[in-house]
file target-v4.cif (mmCIF, C-alpha atoms and all ligand atoms)
data_upload
loop_
_atom_site.label_atom_id
_atom_site.label_comp_id
_atom_site.auth_asym_id
_atom_site.auth_seq_id
_atom_site.Cartn_x
_atom_site.Cartn_y
_atom_site.Cartn_z
CA MET A 1 23.66 -21.59 -6.33
CA CYS A 2 20.92 -18.98 -6.53
CA ILE A 3 18.24 -19.03 -3.84
CA VAL A 4 14.60 -18.01 -3.98
CA GLY A 5 11.96 -18.69 -1.35
CA ALA A 6 9.15 -16.19 -1.20
CA ARG A 7 7.21 -14.07 -3.66
CA PRO A 8 9.36 -10.91 -3.60
CA ASN A 9 12.48 -12.97 -4.41
CA PHE A 10 11.23 -14.11 -7.79
CA MET A 11 11.23 -10.72 -9.54
CA LYS A 12 14.76 -10.10 -8.26
CA MET A 13 16.18 -13.44 -9.38
CA ALA A 14 14.70 -13.58 -12.90
CA PRO A 15 16.90 -10.83 -14.40
CA ILE A 16 19.97 -12.11 -12.53
CA LEU A 17 19.66 -15.57 -14.08
CA ARG A 18 19.16 -14.05 -17.52
CA ALA A 19 22.20 -11.83 -17.09
CA PHE A 20 24.28 -14.81 -15.94
CA ALA A 21 23.22 -16.78 -19.03
CA GLU A 22 23.96 -13.88 -21.38
CA HIS A 23 27.29 -12.93 -19.82
CA GLN A 24 30.40 -13.79 -21.82
CA PRO A 25 31.48 -16.25 -20.60
CA PRO A 26 28.14 -17.45 -19.15
CA LEU A 27 28.01 -17.85 -15.37
CA PRO A 28 26.49 -21.27 -14.70
CA ALA A 29 23.82 -21.21 -12.00
CA LEU A 30 21.65 -23.71 -10.13
CA LEU A 31 18.29 -22.36 -9.00
CA VAL A 32 17.11 -23.50 -5.57
CA HIS A 33 13.54 -22.80 -4.41
CA THR A 34 13.19 -23.30 -0.68
CA GLY A 35 9.41 -23.65 -0.98
CA GLN A 36 8.74 -20.91 1.62
CA HIS A 37 5.92 -19.83 -0.70
CA TYR A 38 4.19 -22.72 -2.42
CA ASP A 39 0.65 -21.77 -3.52
CA ALA A 40 0.24 -21.55 -7.28
CA SER A 41 -0.77 -17.89 -6.91
CA MET A 42 2.26 -17.07 -4.71
CA SER A 43 4.86 -19.04 -6.66
CA ASP A 44 4.09 -20.93 -9.94
CA GLN A 45 2.23 -18.02 -11.50
CA LEU A 46 5.15 -15.68 -10.86
CA PHE A 47 7.65 -18.17 -12.25
CA ALA A 48 5.62 -18.23 -15.47
CA ASP A 49 5.12 -14.45 -15.64
CA LEU A 50 8.80 -13.76 -15.02
CA ARG A 51 10.01 -16.53 -17.35
CA LEU A 52 11.99 -18.06 -14.51
CA PRO A 53 13.33 -21.53 -15.26
CA ARG A 54 12.02 -24.46 -13.22
CA PRO A 55 14.05 -24.68 -10.03
CA ASP A 56 16.78 -27.30 -10.16
CA LEU A 57 15.87 -28.12 -6.59
CA ASN A 58 12.80 -27.48 -4.43
CA LEU A 59 13.30 -27.89 -0.69
CA GLU A 60 9.53 -27.74 -0.06
CA VAL A 61 9.78 -26.27 3.43
CA GLY A 62 6.34 -24.62 3.47
CA SER A 63 4.99 -22.40 6.25
CA GLY A 64 5.83 -22.38 9.94
CA SER A 65 6.95 -20.15 12.78
CA HIS A 66 10.11 -18.15 12.07
CA ALA A 67 12.24 -20.67 13.96
CA VAL A 68 10.69 -23.69 12.31
CA GLN A 69 10.81 -22.22 8.81
CA THR A 70 14.39 -20.96 9.13
CA ALA A 71 15.61 -24.21 10.69
CA GLU A 72 13.85 -26.35 8.11
CA VAL A 73 15.45 -24.39 5.23
CA MET A 74 18.86 -24.79 6.86
CA LYS A 75 18.45 -28.53 7.41
CA ARG A 76 17.34 -29.16 3.86
CA PHE A 77 19.79 -26.78 2.19
CA GLU A 78 22.93 -28.17 3.84
CA PRO A 79 23.04 -31.51 1.96
CA ALA A 80 22.32 -29.73 -1.32
CA LEU A 81 25.25 -27.41 -0.73
CA ASP A 82 27.50 -30.37 0.12
CA GLU A 83 26.44 -32.14 -3.05
CA HIS A 84 26.84 -29.27 -5.50
CA LYS A 85 29.84 -27.42 -3.99
CA PRO A 86 29.10 -24.07 -5.68
CA SER A 87 31.66 -21.28 -5.94
CA CYS A 88 29.17 -19.04 -4.13
CA VAL A 89 25.60 -18.87 -2.81
CA LEU A 90 23.64 -15.90 -4.11
CA VAL A 91 20.68 -14.68 -2.04
CA VAL A 92 18.29 -11.79 -2.66
CA GLY A 93 16.16 -9.61 -0.41
CA ASP A 94 15.31 -10.20 3.22
CA VAL A 95 13.01 -13.17 3.71
CA ASN A 96 13.67 -16.09 6.06
CA SER A 97 15.07 -18.20 3.21
CA THR A 98 17.65 -15.46 2.49
CA LEU A 99 19.12 -15.65 5.99
CA ALA A 100 18.78 -19.41 6.38
CA CYS A 101 20.76 -20.27 3.23
CA SER A 102 23.39 -17.60 3.93
CA LEU A 103 23.97 -19.02 7.38
CA VAL A 104 24.45 -22.55 6.06
CA ALA A 105 26.84 -21.34 3.36
CA VAL A 106 29.06 -19.14 5.53
CA LYS A 107 29.63 -21.93 8.04
CA LYS A 108 30.71 -24.22 5.21
CA GLY A 109 33.19 -21.65 3.94
CA VAL A 110 31.15 -20.97 0.79
CA PRO A 111 31.11 -17.26 -0.14
CA VAL A 112 27.74 -15.53 0.28
CA VAL A 113 26.61 -12.93 -2.26
CA HIS A 114 23.73 -10.67 -1.21
CA VAL A 115 21.70 -8.74 -3.73
CA GLU A 116 19.72 -5.82 -2.23
CA ALA A 117 22.17 -5.36 0.63
CA GLY A 118 22.29 -2.48 3.09
CA LEU A 119 18.61 -1.51 3.24
CA ARG A 120 17.63 -0.61 6.81
CA SER A 121 14.33 0.45 8.31
CA GLY A 122 15.94 0.82 11.74
CA ASP A 123 13.00 -1.15 13.12
CA ARG A 124 14.20 -4.41 14.66
CA ARG A 125 10.63 -5.52 15.36
CA MET A 126 10.43 -6.35 11.66
CA PRO A 127 11.59 -9.90 10.99
CA GLU A 128 12.98 -8.72 7.65
CA GLU A 129 15.24 -6.18 9.40
CA ILE A 130 16.86 -8.96 11.41
CA ASN A 131 17.28 -10.98 8.21
CA ARG A 132 18.88 -7.98 6.46
CA VAL A 133 21.36 -7.12 9.23
CA LEU A 134 22.48 -10.71 9.73
CA THR A 135 22.71 -11.62 6.05
CA ASP A 136 24.83 -8.56 5.33
CA GLN A 137 27.16 -9.38 8.23
CA ILE A 138 27.97 -12.80 6.77
CA SER A 139 28.04 -11.82 3.10
CA ASP A 140 31.29 -11.64 1.17
CA ARG A 141 30.04 -9.59 -1.78
CA LEU A 142 27.19 -7.11 -1.32
CA TYR A 143 25.21 -5.43 -4.11
CA THR A 144 23.21 -2.33 -3.22
CA THR A 145 20.19 -0.71 -4.87
CA GLU A 146 20.70 2.84 -3.61
CA ARG A 147 23.74 4.80 -2.48
CA SER A 148 22.53 5.32 1.12
CA ALA A 149 22.91 1.58 1.70
CA LEU A 150 26.71 1.85 1.77
CA GLY A 151 26.57 4.17 4.80
CA ASN A 152 24.30 1.72 6.60
CA LEU A 153 26.74 -1.11 5.94
CA GLN A 154 29.81 0.88 6.96
CA ARG A 155 28.12 1.85 10.24
CA GLU A 156 27.83 -1.87 10.92
CA GLY A 157 31.53 -2.41 10.26
CA ILE A 158 31.29 -3.75 6.72
CA ALA A 159 34.19 -2.62 4.55
CA ALA A 160 33.32 -0.55 1.47
CA GLU A 161 35.51 -2.85 -0.67
CA ARG A 162 32.96 -5.63 -0.20
CA VAL A 163 30.13 -3.45 -1.49
CA CYS A 164 29.17 -2.70 -5.08
CA PHE A 165 26.40 -0.26 -6.08
CA ALA A 166 24.68 -2.15 -8.88
CA GLY A 167 21.16 -0.69 -8.93
CA ASN A 168 17.76 -2.29 -8.60
CA VAL A 169 17.22 -5.71 -10.13
CA MET A 170 13.50 -5.59 -9.37
CA ILE A 171 13.25 -2.67 -11.76
CA ASP A 172 15.04 -4.78 -14.39
CA SER A 173 12.04 -7.13 -14.17
CA LEU A 174 9.64 -4.23 -14.44
CA HIS A 175 11.31 -3.00 -17.62
CA ALA A 176 11.42 -6.51 -19.11
CA SER A 177 7.75 -7.25 -18.39
CA ARG A 178 6.00 -3.93 -18.82
CA PRO A 179 5.04 -4.55 -22.46
CA GLN A 180 3.27 -7.76 -21.35
CA ALA A 181 1.44 -6.14 -18.41
CA ARG A 182 -2.15 -7.31 -18.30
CA PRO A 183 -4.71 -4.50 -18.66
CA ALA A 184 -6.46 -3.86 -15.33
CA ALA A 185 -9.91 -4.26 -16.91
CA ASP A 186 -9.02 -7.80 -18.05
CA THR A 187 -7.90 -8.71 -14.55
CA LEU A 188 -11.16 -7.51 -13.05
CA LYS A 189 -13.21 -9.31 -15.68
CA ALA A 190 -11.28 -12.52 -15.07
CA HIS A 191 -12.44 -12.38 -11.46
CA GLY A 192 -16.06 -11.56 -12.26
CA ALA A 193 -15.76 -7.91 -11.17
CA ASP A 194 -17.21 -5.02 -13.16
CA PRO A 195 -14.38 -3.19 -14.99
CA ALA A 196 -16.56 -0.05 -15.12
CA LEU A 197 -15.32 0.55 -11.58
CA LEU A 198 -11.90 1.45 -13.01
CA ARG A 199 -13.40 4.27 -15.05
CA ALA A 200 -14.63 6.25 -12.05
CA GLU A 201 -13.91 9.97 -12.35
CA ALA A 202 -11.12 9.79 -9.78
CA GLY A 203 -9.68 6.62 -11.31
CA TYR A 204 -9.01 3.76 -8.93
CA GLY A 205 -6.62 2.83 -6.15
CA VAL A 206 -4.71 -0.42 -5.60
CA VAL A 207 -4.26 -1.84 -2.11
CA THR A 208 -1.98 -4.54 -0.70
CA LEU A 209 -1.42 -5.26 3.00
CA HIS A 210 0.39 -8.19 4.51
CA ARG A 211 2.85 -7.04 7.20
CA PRO A 212 2.25 -8.86 10.48
CA SER A 213 2.32 -5.45 12.22
CA ASN A 214 -0.69 -4.35 10.13
CA VAL A 215 -2.74 -7.50 9.76
CA ASP A 216 -2.07 -9.84 12.68
CA GLN A 217 -3.96 -7.89 15.39
CA ALA A 218 -7.73 -7.52 15.17
CA ASP A 219 -7.83 -3.87 16.32
CA THR A 220 -5.18 -2.73 13.88
CA LEU A 221 -6.69 -4.58 10.97
CA ARG A 222 -10.14 -3.21 11.83
CA LEU A 223 -8.81 0.36 11.88
CA LEU A 224 -7.09 -0.11 8.54
CA LEU A 225 -10.17 -1.64 6.92
CA GLU A 226 -12.32 1.22 8.25
CA THR A 227 -9.85 3.71 6.81
CA LEU A 228 -9.83 1.93 3.47
CA ARG A 229 -13.61 2.06 3.49
CA ALA A 230 -13.41 5.84 3.87
CA VAL A 231 -10.84 5.96 1.05
CA SER A 232 -13.14 3.85 -1.13
CA GLU A 233 -15.83 6.52 -0.79
CA ARG A 234 -13.42 8.85 -2.60
CA LEU A 235 -12.24 6.41 -5.27
CA PRO A 236 -12.89 2.70 -5.90
CA LEU A 237 -10.24 0.30 -4.67
CA VAL A 238 -8.83 -2.98 -5.93
CA PHE A 239 -7.43 -4.96 -3.00
CA ALA A 240 -5.17 -7.93 -3.83
CA LEU A 241 -5.33 -10.06 -0.70
CA HIS A 242 -2.29 -11.90 0.65
CA PRO A 243 -3.23 -15.28 2.21
CA ARG A 244 -2.18 -14.01 5.65
CA THR A 245 -4.53 -11.03 5.36
CA ARG A 246 -7.44 -13.02 3.95
CA ALA A 247 -7.12 -15.55 6.79
CA ASN A 248 -7.07 -12.78 9.42
CA ILE A 249 -10.06 -10.92 7.98
CA GLU A 250 -12.00 -14.18 8.27
CA ARG A 251 -10.60 -15.10 11.70
CA PHE A 252 -11.45 -11.68 13.19
CA GLY A 253 -14.86 -11.52 11.46
CA LEU A 254 -14.03 -8.22 9.68
CA GLY A 255 -15.41 -9.02 6.23
CA GLY A 256 -18.44 -6.78 6.89
CA LEU A 257 -16.18 -3.69 6.76
CA ILE A 258 -15.65 -4.15 3.04
CA ASP A 259 -18.12 -2.32 0.82
CA ALA A 260 -18.19 -4.64 -2.19
CA ARG A 261 -19.62 -1.88 -4.42
CA ARG A 262 -16.49 0.23 -3.91
CA MET A 263 -13.80 -2.29 -3.11
CA VAL A 264 -12.98 -5.34 -5.24
CA LEU A 265 -11.19 -8.13 -3.40
CA LEU A 266 -8.88 -10.25 -5.53
CA PRO A 267 -6.70 -13.25 -4.70
CA PRO A 268 -2.91 -12.71 -4.84
CA GLN A 269 -2.17 -11.52 -8.35
CA GLY A 270 0.42 -12.56 -10.86
CA TYR A 271 3.27 -10.22 -11.74
CA LEU A 272 1.79 -9.08 -15.06
CA GLU A 273 -1.59 -8.45 -13.43
CA MET A 274 -0.02 -6.35 -10.67
CA LEU A 275 1.98 -4.34 -13.22
CA GLY A 276 -1.22 -3.61 -15.14
CA LEU A 277 -3.18 -2.72 -12.02
CA MET A 278 -0.46 -0.44 -10.63
CA GLY A 279 0.38 1.16 -13.95
CA GLY A 280 -3.16 2.46 -14.37
CA ALA A 281 -3.80 3.42 -10.73
CA THR A 282 -4.34 6.91 -9.34
CA VAL A 283 -2.74 5.80 -6.07
CA VAL A 284 -1.30 2.67 -4.50
CA LEU A 285 -1.79 2.07 -0.77
CA THR A 286 0.56 -0.61 0.53
CA ASP A 287 2.86 -1.93 3.21
CA SER A 288 5.01 -3.86 0.71
CA GLY A 289 8.66 -2.99 0.16
CA GLY A 290 8.57 -3.98 -3.49
CA LEU A 291 5.54 -1.88 -4.36
CA GLN A 292 7.17 1.23 -2.90
CA GLU A 293 9.94 0.77 -5.47
CA GLU A 294 7.75 -0.28 -8.37
CA THR A 295 5.44 2.73 -7.98
CA THR A 296 8.48 5.01 -7.94
CA ALA A 297 9.69 3.42 -11.18
CA LEU A 298 6.21 3.75 -12.69
CA GLY A 299 5.70 7.34 -11.47
CA VAL A 300 2.49 6.39 -9.63
CA PRO A 301 1.89 8.02 -6.21
CA CYS A 302 2.26 5.56 -3.33
CA LEU A 303 1.06 5.89 0.27
CA THR A 304 2.93 3.48 2.52
CA LEU A 305 0.99 2.31 5.55
CA ARG A 306 4.05 1.85 7.75
CA GLU A 307 5.94 3.97 10.27
CA ASN A 308 9.29 3.54 8.53
CA THR A 309 10.85 2.38 5.31
CA GLU A 310 14.10 0.62 4.48
CA ARG A 311 13.82 2.23 1.03
CA PRO A 312 14.24 5.96 1.78
CA ILE A 313 15.07 6.83 -1.81
CA THR A 314 11.45 6.15 -2.77
CA VAL A 315 10.44 8.98 -0.41
CA GLU A 316 13.32 11.35 -1.17
CA GLN A 317 13.31 10.98 -4.95
CA GLY A 318 10.30 8.86 -5.84
CA THR A 319 6.55 8.97 -5.45
CA ASN A 320 6.32 7.45 -1.96
CA THR A 321 4.84 9.09 1.14
CA MET A 322 4.90 7.42 4.56
CA VAL A 323 1.49 7.68 6.23
CA GLY A 324 1.74 5.02 8.95
CA ARG A 325 -1.61 3.94 10.31
CA ASP A 326 -2.67 7.52 10.91
CA VAL A 327 -6.21 7.74 9.57
CA GLN A 328 -5.98 11.48 8.97
CA ALA A 329 -2.62 11.22 7.19
CA ILE A 330 -3.96 8.49 4.94
CA LEU A 331 -7.10 10.44 4.00
CA THR A 332 -5.17 13.69 3.51
CA GLY A 333 -2.66 11.83 1.37
CA VAL A 334 -5.44 10.48 -0.84
CA ASP A 335 -7.16 13.88 -1.04
CA ASP A 336 -3.89 15.55 -2.06
CA ILE A 337 -3.35 13.01 -4.81
CA LEU A 338 -6.93 13.41 -6.04
CA ALA A 339 -6.42 17.19 -6.08
CA GLY A 340 -3.39 16.67 -8.37
CA ARG A 341 -0.85 17.36 -5.63
CA GLY A 342 0.58 13.81 -5.62
CA LYS A 343 4.34 13.33 -5.86
CA ARG A 344 5.62 12.98 -9.40
CA GLY A 345 9.10 11.91 -8.39
CA ARG A 346 11.99 10.80 -10.54
CA VAL A 347 13.55 7.44 -11.18
CA PRO A 348 16.63 6.86 -8.99
CA GLU A 349 20.13 6.26 -10.31
CA TYR A 350 20.74 2.78 -11.76
CA TRP A 351 17.06 1.82 -11.68
CA ASP A 352 17.51 1.55 -15.39
CA GLY A 353 16.90 -2.08 -16.30
CA HIS A 354 20.61 -3.02 -16.29
CA ALA A 355 21.33 -3.78 -12.64
CA ALA A 356 21.62 -7.53 -13.23
CA ASP A 357 24.14 -6.98 -16.05
CA ARG A 358 26.30 -4.95 -13.66
CA ILE A 359 26.03 -7.73 -11.05
CA ALA A 360 27.01 -10.43 -13.57
CA ALA A 361 30.05 -8.45 -14.73
CA ASP A 362 31.20 -7.65 -11.20
CA LEU A 363 30.57 -11.15 -9.86
CA HIS A 364 32.50 -12.73 -12.71
CA ARG A 365 35.48 -10.51 -11.90
CA TRP A 366 35.12 -11.06 -8.18
CA LEU A 367 34.91 -14.85 -8.40
CA HIS A 368 37.94 -14.83 -10.65
CA ASP A 369 39.86 -12.81 -8.07
CA GLN A 370 38.81 -15.23 -5.30
CA ALA A 371 39.92 -18.33 -7.17
CA PRO A 372 43.17 -19.77 -5.82
CA THR A 373 46.04 -19.20 -8.25
CA PRO A 374 47.34 -22.52 -9.58
C1 LIG B 401 7.02 -13.41 3.64
C2 LIG B 401 8.26 -12.60 4.03
C3 LIG B 401 7.99 -11.11 3.80
C4 LIG B 401 7.50 -10.85 2.40
C5 LIG B 401 6.29 -11.73 2.14
C6 LIG B 401 5.74 -11.53 0.76
C7 LIG B 401 9.63 -13.47 5.89
C8 LIG B 401 9.99 -13.25 7.31
N1 LIG B 401 8.58 -12.76 5.44
O1 LIG B 401 5.97 -13.05 4.54
O2 LIG B 401 9.19 -10.40 3.99
O3 LIG B 401 7.16 -9.49 2.28
O4 LIG B 401 6.68 -13.10 2.31
O5 LIG B 401 4.60 -12.32 0.58
O6 LIG B 401 10.29 -14.23 5.22
N2 LIG B 401 0.78 -18.79 2.92
C9 LIG B 401 -0.03 -19.38 2.01
N3 LIG B 401 0.52 -19.75 0.81
C10 LIG B 401 1.82 -19.57 0.51
C11 LIG B 401 2.65 -18.98 1.45
C12 LIG B 401 2.12 -18.58 2.66
O7 LIG B 401 -1.21 -19.56 2.23
O8 LIG B 401 2.24 -19.93 -0.62
C13 LIG B 401 0.20 -18.36 4.21
C14 LIG B 401 0.44 -19.34 5.32
O9 LIG B 401 -0.68 -19.36 6.12
C15 LIG B 401 1.59 -18.73 6.09
C16 LIG B 401 1.35 -17.24 5.88
O10 LIG B 401 0.80 -17.13 4.57
O11 LIG B 401 1.60 -19.11 7.42
C17 LIG B 401 2.58 -16.42 5.96
O12 LIG B 401 3.58 -16.91 5.07
P1 LIG B 401 5.15 -16.67 5.42
O13 LIG B 401 6.01 -17.15 4.32
O14 LIG B 401 5.44 -17.20 6.79
O15 LIG B 401 5.26 -15.11 5.54
P2 LIG B 401 4.67 -13.94 4.66
O16 LIG B 401 3.72 -13.19 5.49
O17 LIG B 401 4.22 -14.40 3.31
#
call {"tool": "encode", "arguments": {"input": "target-v4.cif", "output": "structure tokens", "more": "lines below"}}
Ligand code: UD1
result
Amino acid sequence: MCIVGARPNFMKMAPILRAFAEHQPPLPALLVHTGQHYDASMSDQLFADLRLPRPDLNLEVGSGSHAVQTAEVMKRFEPALDEHKPSCVLVVGDVNSTLACSLVAVKKGVPVVHVEAGLRSGDRRMPEEINRVLTDQISDRLYTTERSALGNLQREGIAAERVCFAGNVMIDSLHASRPQARPAADTLKAHGADPALLRAEAGYGVVTLHRPSNVDQADTLRLLLETLRAVSERLPLVFALHPRTRANIERFGLGGLIDARRMVLLPPQGYLEMLGLMGGATVVLTDSGGLQEETTALGVPCLTLRENTERPITVEQGTNTMVGRDVQAILTGVDDILAGRGKRGRVPEYWDGHAADRIAADLHRWLHDQAPTP
């Protein structure tokens, strides 16, 4: 049983399901959507863009506090697991659905397989960090995206034999979809914005922000919007707004900080739209984990508006620079990029479009080894 719940899970699962279907022999899979994300723009659109099959099962949990959401996934997943009796439960990433389904499975004696294991920000105030640490602890087979993840896992007492370095499945999706990326000008036109903005001398920047630590407090969000306004004086910005961020801008009355002539606000974008927007950008400013990796794969400079990252390889080898919420660091970062001093980076090992194939091959072997001998 393969689990997805929230937006960043979908681009990881799509290549895995394809690799399972193409493997000889094929690895049969049931796709379960917990319904953590449910809006058409956060879920259906991505399913279509990524050519994900319709889920076999949708648990329709919806939004809630961490406790409510996690508990609801667990309650609804348990009977499904009892009914289907899979040989393993495969989870990806670090969202609440990842941990909730892993926890149900391990207590039923069903092996848990975690794709994107071992990433650590070291910041336990992040809900995702808790989800990562706990999911890895109860996983039987762990697939990592970068070599440093193994050290993180071993420090937490996880044996190296359980870990397999497979590479980055999210980059498999990027390779598969890049030819279909939607040109940025078309995306702007579709939302009634003037595509001439993209042809500014300095190019344009892409912004996404949705971490609770950045958008849930009025003062922090105000500071970030003021900083983005200063950035937008240097180059126009396209800001794809997560529902959490849009709601908070309205709730805190901060809409006035956005200069509509220099900053286009868009609803959450589909996968092909985001690929097109990022691919043509001069810089991406974000607090997303996925975008840090995608910009590294695309060779586009990224400024990450966080204090830490669980994806250090994007800084060490890729195009990522951590700038926190430090106004001066953000503006200097942008100025450096505009002056041609942005990081060029290189694509990390095994971010080559074949991570899911490696997972399918290894998992097939591993499941075979687990099966009781007759
Ligand atoms: C979740 C993940 C985060 C991931 C992010 C990507 C956890 C702990 N967090 O955060 O790791 O980076 O997804 O988007 O699992 N909402 C909608 N429509 C939807 C879904 C959510 O409007 O389809 C709104 C609701 O008001 C909801 C809020 O967004 O309360 C937050 O959604 P939630 O799933 O709780 O967390 P995210 O912030 O999306």
call {"tool": "closest_residue", "arguments": {"input": "target-v4.cif", "among": "A:Val215, A:Met74, A:Ala166, A:Ile158", "to": "ligand LIG 401 (chain B)", "atoms": "only C-alpha atoms and all ligand atoms"}}
result
A:Val215
call {"tool": "residues_near_ligand", "arguments": {"input": "target-v4.cif", "ligand": "ligand LIG 401 (chain B)", "cutoff": "8 Å", "atoms": "only C-alpha atoms and all ligand atoms", "output": "mmCIF file with C-alpha atoms, keeping the file's coordinate frame"}}
result
data_model
loop_
_atom_site.group_PDB
_atom_site.id
_atom_site.type_symbol
_atom_site.label_atom_id
_atom_site.label_comp_id
_atom_site.auth_asym_id
_atom_site.auth_seq_id
_atom_site.Cartn_x
_atom_site.Cartn_y
_atom_site.Cartn_z
ATOM 1 C CA ALA A 6 9.150 -16.190 -1.200
ATOM 2 C CA ARG A 7 7.210 -14.070 -3.660
ATOM 3 C CA PRO A 8 9.360 -10.910 -3.600
ATOM 4 C CA GLN A 36 8.740 -20.910 1.620
ATOM 5 C CA HIS A 37 5.920 -19.830 -0.700
ATOM 6 C CA TYR A 38 4.190 -22.720 -2.420
ATOM 7 C CA ASP A 39 0.650 -21.770 -3.520
ATOM 8 C CA ALA A 40 0.240 -21.550 -7.280
ATOM 9 C CA SER A 41 -0.770 -17.890 -6.910
ATOM 10 C CA MET A 42 2.260 -17.070 -4.710
ATOM 11 C CA SER A 43 4.860 -19.040 -6.660
ATOM 12 C CA GLY A 62 6.340 -24.620 3.470
ATOM 13 C CA SER A 63 4.990 -22.400 6.250
ATOM 14 C CA GLY A 64 5.830 -22.380 9.940
ATOM 15 C CA SER A 65 6.950 -20.150 12.780
ATOM 16 C CA HIS A 66 10.110 -18.150 12.070
ATOM 17 C CA GLN A 69 10.810 -22.220 8.810
ATOM 18 C CA ASP A 94 15.310 -10.200 3.220
ATOM 19 C CA VAL A 95 13.010 -13.170 3.710
ATOM 20 C CA ASN A 96 13.670 -16.090 6.060
ATOM 21 C CA SER A 97 15.070 -18.200 3.210
ATOM 22 C CA THR A 98 17.650 -15.460 2.490
ATOM 23 C CA PRO A 127 11.590 -9.900 10.990
ATOM 24 C CA GLU A 128 12.980 -8.720 7.650
ATOM 25 C CA ASN A 131 17.280 -10.980 8.210
ATOM 26 C CA HIS A 210 0.390 -8.190 4.510
ATOM 27 C CA ARG A 211 2.850 -7.040 7.200
ATOM 28 C CA PRO A 212 2.250 -8.860 10.480
ATOM 29 C CA HIS A 242 -2.290 -11.900 0.650
ATOM 30 C CA PRO A 243 -3.230 -15.280 2.210
ATOM 31 C CA ARG A 244 -2.180 -14.010 5.650
ATOM 32 C CA ALA A 247 -7.120 -15.550 6.790
ATOM 33 C CA SER A 288 5.010 -3.860 0.710
ATOM 34 C CA GLY A 289 8.660 -2.990 0.160
#
call {"tool": "closest_residue", "arguments": {"input": "target-v4.cif", "among": "A:Pro79, A:Gly5, A:Gly280, A:Pro25", "to": "Val61 of chain A", "atoms": "only C-alpha atoms"}}
result
A:Gly5
call {"tool": "closest_residue", "arguments": {"input": "target-v4.cif", "among": "A:Ala29, A:Leu198, A:Leu17, A:Ala297", "to": "Leu52 of chain A", "atoms": "all atoms listed in the file"}}
result
A:Leu17
call {"tool": "closest_residue", "arguments": {"input": "target-v4.cif", "among": "A:Val300, A:Arg341, A:Leu272, A:Val68", "to": "Asp186 of chain A", "atoms": "all atoms listed in the file"}}
result
A:Leu272
call {"tool": "atom_distance", "arguments": {"input": "target-v4.cif", "atom1": "atom CA of Leu99 of chain A", "atom2": "atom CA of Gly318 of chain A"}}
result
28.6 Å
call {"tool": "closest_residue", "arguments": {"input": "target-v4.cif", "among": "A:Glu349, A:Gly279, A:Asp357, A:Lys75", "to": "Arg178 of chain A", "atoms": "only C-alpha atoms"}}
result
A:Gly279
call {"tool": "closest_residue", "arguments": {"input": "target-v4.cif", "among": "A:Leu331, A:Ala190, A:Glu161, A:Thr245", "to": "Glu226 of chain A", "atoms": "all atoms listed in the file"}}
result
A:Leu331
call {"tool": "residues_around", "arguments": {"input": "target-v4.cif", "residues": "Ala117 of chain A", "least_positions_apart": "4", "cutoff": "9 Å", "atoms": "all atoms listed in the file", "output": "PDB file with C-alpha atoms, in the frame of the given file"}}
result
ATOM      1  CA  VAL A  92      18.290 -11.790  -2.660  1.00  0.00           C
ATOM      2  CA  GLY A  93      16.160  -9.610  -0.410  1.00  0.00           C
ATOM      3  CA  ASP A  94      15.310 -10.200   3.220  1.00  0.00           C
ATOM      4  CA  ARG A 132      18.880  -7.980   6.460  1.00  0.00           C
ATOM      5  CA  VAL A 133      21.360  -7.120   9.230  1.00  0.00           C
ATOM      6  CA  THR A 135      22.710 -11.620   6.050  1.00  0.00           C
ATOM      7  CA  ASP A 136      24.830  -8.560   5.330  1.00  0.00           C
ATOM      8  CA  LEU A 142      27.190  -7.110  -1.320  1.00  0.00           C
ATOM      9  CA  TYR A 143      25.210  -5.430  -4.110  1.00  0.00           C
ATOM     10  CA  THR A 144      23.210  -2.330  -3.220  1.00  0.00           C
ATOM     11  CA  THR A 145      20.190  -0.710  -4.870  1.00  0.00           C
ATOM     12  CA  ALA A 149      22.910   1.580   1.700  1.00  0.00           C
ATOM     13  CA  LEU A 150      26.710   1.850   1.770  1.00  0.00           C
ATOM     14  CA  LEU A 153      26.740  -1.110   5.940  1.00  0.00           C
ATOM     15  CA  VAL A 163      30.130  -3.450  -1.490  1.00  0.00           C
TER      16      VAL A 163
END
call {"tool": "residues_around", "arguments": {"input": "target-v4.cif", "residues": "Ser213 of chain A", "least_positions_apart": "2", "cutoff": "10 Å", "atoms": "all atoms listed in the file", "output": "ChimeraX atom specification"}}
result
/A:125-126,209-211,215-217,220-221,287,306
call {"tool": "axis_aligned_box", "arguments": {"input": "target-v4.cif", "around": "segment 187-191 of chain A", "padding_each_side": "3 Å", "output": "AutoDock Vina command-line options"}}
result
--center_x -10.6 --center_y -10.0 --center_z -13.6 --size_x 11.3 --size_y 11.0 --size_z 10.2
call {"tool": "residues_around", "arguments": {"input": "target-v4.cif", "residues": "Arg344 of chain A", "least_positions_apart": "2", "cutoff": "7 Å", "atoms": "all atoms listed in the file", "output": "list of chain:residue names"}}
result
A:Gly299, A:Pro301, A:Thr319, A:Gly342, A:Arg346
call {"tool": "residues_around", "arguments": {"input": "target-v4.cif", "residues": "Asn308 of chain A", "least_positions_apart": "3", "cutoff": "10 Å", "atoms": "all atoms listed in the file", "output": "list in words"}}
result
Arg120, Ser121, Gly122, Asp123, Asp287, Thr304, Leu305, Arg311, Pro312, Met322, Val323 and Gly324 of chain A
call {"tool": "atom_distance", "arguments": {"input": "target-v4.cif", "atom1": "atom CA of Glu316 of chain A", "atom2": "atom CA of Gly118 of chain A"}}
result
17.0 Å
call {"tool": "residues_around", "arguments": {"input": "target-v4.cif", "residues": "Leu303 of chain A", "least_positions_apart": "3", "cutoff": "12 Å", "atoms": "only C-alpha atoms", "output": "JSON, numbers by chain"}}
result
{"A": [205, 206, 207, 208, 209, 231, 282, 283, 284, 285, 286, 287, 288, 289, 291, 292, 293, 295, 296, 300, 306, 307, 308, 309, 314, 315, 318, 319, 320, 321, 322, 323, 324, 325, 326, 327, 329, 330, 331, 332, 333, 334, 335, 336, 337, 342, 343]}
